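Taking it in order: structure first as structure tokens, then the write-up.
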Amino acid sequence: MKGSKMEANLYCIRCRDETTHVIFYINNKINTVECKECHRIQGIKIDIMKEFYKEIYERISTKPARITQEYKQDLNKFLLRLPTRALSKPYRLIRDLNNSRKFIKRFKN
């Protein structure tokens with residue numbers, strides 16, 4: 001799960017002028033658009049759990065293809081890094097899950 005912000009000049013209905021807006025994305029989908037002048041927020045409902053499950057499914061389903069591509073590019077480098085990656089995978093998985101859990105908790109509040 002990742003969130004990002006971007007600023008853009010958009011036409012504001014309340015200000016009736018082109019003003020700077022902050023656009024907040026969740027996994028590259030627009031979640032809210034806020035006018036910096038009048039602070040009007042336009043939200044788009046996103047099912048955060050559906051996005052989370054979709055992200056997990058995407059990561060799991062593309063893993064075999066990513067591993068195949070990696071070893072075809074450089075087999076020696078792949079074999080040298082494999083033991084370290086295998087040992088660190090549980091810690092990386094826990095870190096990713098904790099980050100996603102914090103993001104979902106912050107989003108739901």
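Order determines the names: the first chain of the structure tokens is A, the second B, and so forth; residues in each chain are numbered 1 upward, and ligands are numbered 1 upward as they are shown.
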
Show me, as a JSON list (two decimals) with N, CA and C atoms, in the first residue's frame, the residues that have an atom within 8 Å of segment 12-16 of chain A when counting only C-alpha atoms, minus same-chain residues fewer than 3 positions from it.
[["chain", "number", "residue", "atom", "x", "y", "z"],
["A", 19, "THR", "N", -7.03, 27.26, -9.41],
["A", 19, "THR", "CA", -6.22, 27.34, -8.20],
["A", 19, "THR", "C", -5.40, 26.06, -8.05],
["A", 35, "CYS", "N", -8.71, 21.77, -2.68],
["A", 35, "CYS", "CA", -8.33, 23.11, -3.12],
["A", 35, "CYS", "C", -7.53, 23.76, -2.00],
["A", 37, "GLU", "N", -6.94, 26.94, -1.72],
["A", 37, "GLU", "CA", -7.50, 28.26, -1.40],
["A", 37, "GLU", "C", -8.69, 28.14, -0.44],
["A", 38, "CYS", "N", -9.71, 27.40, -0.83],
["A", 38, "CYS", "CA", -10.93, 27.31, -0.02],
["A", 38, "CYS", "C", -11.01, 26.01, 0.80],
["A", 40, "ARG", "N", -11.82, 23.06, -0.06],
["A", 40, "ARG", "CA", -12.90, 22.16, -0.44],
["A", 40, "ARG", "C", -12.27, 20.82, -0.82]]

query = Residues of chain A in helix (DSSP H, G or I) according to DSSP, as a ChimeraX atom specification?
reply = /A:48-73,75-108

Could you please take those selected residues and save C-alpha atoms as an mmCIF file, in the first residue's frame?
data_model
loop_
_atom_site.group_PDB
_atom_site.id
_atom_site.type_symbol
_atom_site.label_atom_id
_atom_site.label_comp_id
_atom_site.auth_asym_id
_atom_site.auth_seq_id
_atom_site.Cartn_x
_atom_site.Cartn_y
_atom_site.Cartn_z
ATOM 1 C CA ILE A 48 -8.949 0.051 0.896
ATOM 2 C CA MET A 49 -9.142 -3.668 1.685
ATOM 3 C CA LYS A 50 -9.935 -4.515 -1.936
ATOM 4 C CA GLU A 51 -6.883 -2.499 -3.007
ATOM 5 C CA PHE A 52 -4.753 -4.262 -0.395
ATOM 6 C CA TYR A 53 -5.856 -7.733 -1.526
ATOM 7 C CA LYS A 54 -5.361 -6.805 -5.167
ATOM 8 C CA GLU A 55 -1.805 -5.631 -4.415
ATOM 9 C CA ILE A 56 -0.990 -8.853 -2.537
ATOM 10 C CA TYR A 57 -2.436 -10.985 -5.346
ATOM 11 C CA GLU A 58 -0.423 -9.057 -7.951
ATOM 12 C CA ARG A 59 2.811 -9.524 -6.009
ATOM 13 C CA ILE A 60 2.241 -13.250 -5.506
ATOM 14 C CA SER A 61 1.087 -14.001 -9.045
ATOM 15 C CA THR A 62 3.994 -12.166 -10.723
ATOM 16 C CA LYS A 63 6.736 -13.556 -8.458
ATOM 17 C CA PRO A 64 7.625 -16.600 -10.646
ATOM 18 C CA ALA A 65 7.977 -14.400 -13.743
ATOM 19 C CA ARG A 66 10.099 -11.849 -11.846
ATOM 20 C CA ILE A 67 12.408 -14.578 -10.517
ATOM 21 C CA THR A 68 12.754 -16.115 -13.989
ATOM 22 C CA GLN A 69 13.606 -12.746 -15.501
ATOM 23 C CA GLU A 70 16.140 -12.081 -12.754
ATOM 24 C CA TYR A 71 18.066 -15.321 -13.200
ATOM 25 C CA LYS A 72 18.004 -15.037 -17.001
ATOM 26 C CA GLN A 73 19.611 -11.590 -16.787
ATOM 27 C CA LEU A 75 22.593 -16.206 -13.158
ATOM 28 C CA ASN A 76 25.784 -15.703 -11.106
ATOM 29 C CA LYS A 77 24.469 -12.583 -9.387
ATOM 30 C CA PHE A 78 21.125 -14.301 -8.777
ATOM 31 C CA LEU A 79 22.758 -17.362 -7.164
ATOM 32 C CA LEU A 80 25.083 -15.236 -5.012
ATOM 33 C CA ARG A 81 22.238 -13.101 -3.657
ATOM 34 C CA LEU A 82 19.746 -15.958 -3.171
ATOM 35 C CA PRO A 83 20.836 -17.119 0.329
ATOM 36 C CA THR A 84 20.801 -13.581 1.726
ATOM 37 C CA ARG A 85 17.430 -12.839 0.178
ATOM 38 C CA ALA A 86 15.959 -16.110 1.476
ATOM 39 C CA LEU A 87 17.120 -15.329 5.029
ATOM 40 C CA SER A 88 15.919 -11.728 4.960
ATOM 41 C CA LYS A 89 12.544 -12.457 3.297
ATOM 42 C CA PRO A 90 10.587 -13.051 6.542
ATOM 43 C CA TYR A 91 11.813 -9.721 7.943
ATOM 44 C CA ARG A 92 11.012 -7.878 4.711
ATOM 45 C CA LEU A 93 7.555 -9.479 4.634
ATOM 46 C CA ILE A 94 6.845 -8.450 8.242
ATOM 47 C CA ARG A 95 8.045 -4.905 7.509
ATOM 48 C CA ASP A 96 5.784 -4.644 4.456
ATOM 49 C CA LEU A 97 2.784 -6.002 6.359
ATOM 50 C CA ASN A 98 3.362 -3.592 9.249
ATOM 51 C CA ASN A 99 3.647 -0.654 6.852
ATOM 52 C CA SER A 100 0.445 -1.708 5.084
ATOM 53 C CA ARG A 101 -1.340 -2.195 8.405
ATOM 54 C CA LYS A 102 -0.326 1.299 9.552
ATOM 55 C CA PHE A 103 -1.426 2.791 6.240
ATOM 56 C CA ILE A 104 -4.817 1.054 6.374
ATOM 57 C CA LYS A 105 -5.324 2.097 10.003
ATOM 58 C CA ARG A 106 -4.474 5.729 9.193
ATOM 59 C CA PHE A 107 -6.747 5.666 6.133
ATOM 60 C CA LYS A 108 -9.756 4.257 7.994
#

request  = Within chain A, find each residue whose DSSP state, derived from the backbone, is strand (DSSP E or B), and express the selection as JSON, numbers by chain.
outcome  = {"A": [3, 4, 5, 6, 7, 8, 9, 10, 11, 12, 17, 18, 19, 20, 21, 22, 23, 24, 25, 26, 29, 30, 31, 32, 33, 34, 35, 41, 42, 43]}

request  = For atom CA of Ile30 of chain A and atom CA of Asp17 of chain A, determine how far apart the two atoms are, in Å to one decimal place.
outcome  = 21.6 Å

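Interatomic distance, atom CA of Ile46 of chain A against atom CA of Leu10 of chain A: 21.8 Å.
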
Excluding Ile23 of chain A and any residue of its chain fewer than 2 positions from it, enumerate the residues within 6 Å of it, using only C-alpha atoms, and give them as a short mmCIF file (atom, residue, chain, number, x, y, z; two decimals) with all heavy atoms, in the first residue's frame.
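Printed below is out_0.cif as written:
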data_model
loop_
_atom_site.label_atom_id
_atom_site.label_comp_id
_atom_site.auth_asym_id
_atom_site.auth_seq_id
_atom_site.Cartn_x
_atom_site.Cartn_y
_atom_site.Cartn_z
N LYS A 5 1.17 12.22 -2.95
CA LYS A 5 0.51 13.50 -3.16
C LYS A 5 1.10 14.17 -4.39
O LYS A 5 2.26 13.98 -4.71
CB LYS A 5 0.71 14.43 -1.97
CG LYS A 5 -0.04 14.03 -0.73
CD LYS A 5 0.19 15.05 0.36
CE LYS A 5 -0.51 14.63 1.64
NZ LYS A 5 -0.28 15.61 2.70
N MET A 6 0.27 14.97 -5.02
CA MET A 6 0.72 15.74 -6.18
C MET A 6 -0.05 17.05 -6.18
O MET A 6 -1.21 17.10 -5.77
CB MET A 6 0.42 14.95 -7.45
CG MET A 6 0.88 15.62 -8.71
SD MET A 6 0.41 14.65 -10.14
CE MET A 6 -0.81 15.72 -10.84
N THR A 32 -8.52 11.75 -2.97
CA THR A 32 -9.12 13.05 -2.68
C THR A 32 -8.43 14.13 -3.49
O THR A 32 -7.26 14.01 -3.85
CB THR A 32 -9.00 13.42 -1.18
OG1 THR A 32 -7.63 13.44 -0.81
CG2 THR A 32 -9.77 12.47 -0.30
N VAL A 33 -9.18 15.20 -3.72
CA VAL A 33 -8.65 16.40 -4.37
C VAL A 33 -9.07 17.57 -3.48
O VAL A 33 -10.25 17.74 -3.20
CB VAL A 33 -9.24 16.58 -5.79
CG1 VAL A 33 -8.69 17.84 -6.43
CG2 VAL A 33 -8.93 15.36 -6.65
#

query = Hey, can you check how far atom CA of Phe24 of chain A sits from atom CA of Lys45 of chain A?
reply =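 Result for atom CA of Phe24 of chain A versus atom CA of Lys45 of chain A: 12.3 Å, one decimal.
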
key: Distance query Asn31 of chain A at most 6 Å, only C-alpha atoms, self and fewer than 4 positions along chain excluded, as a VMD selection string   = chain A and resid 24 to 25 43 to 44
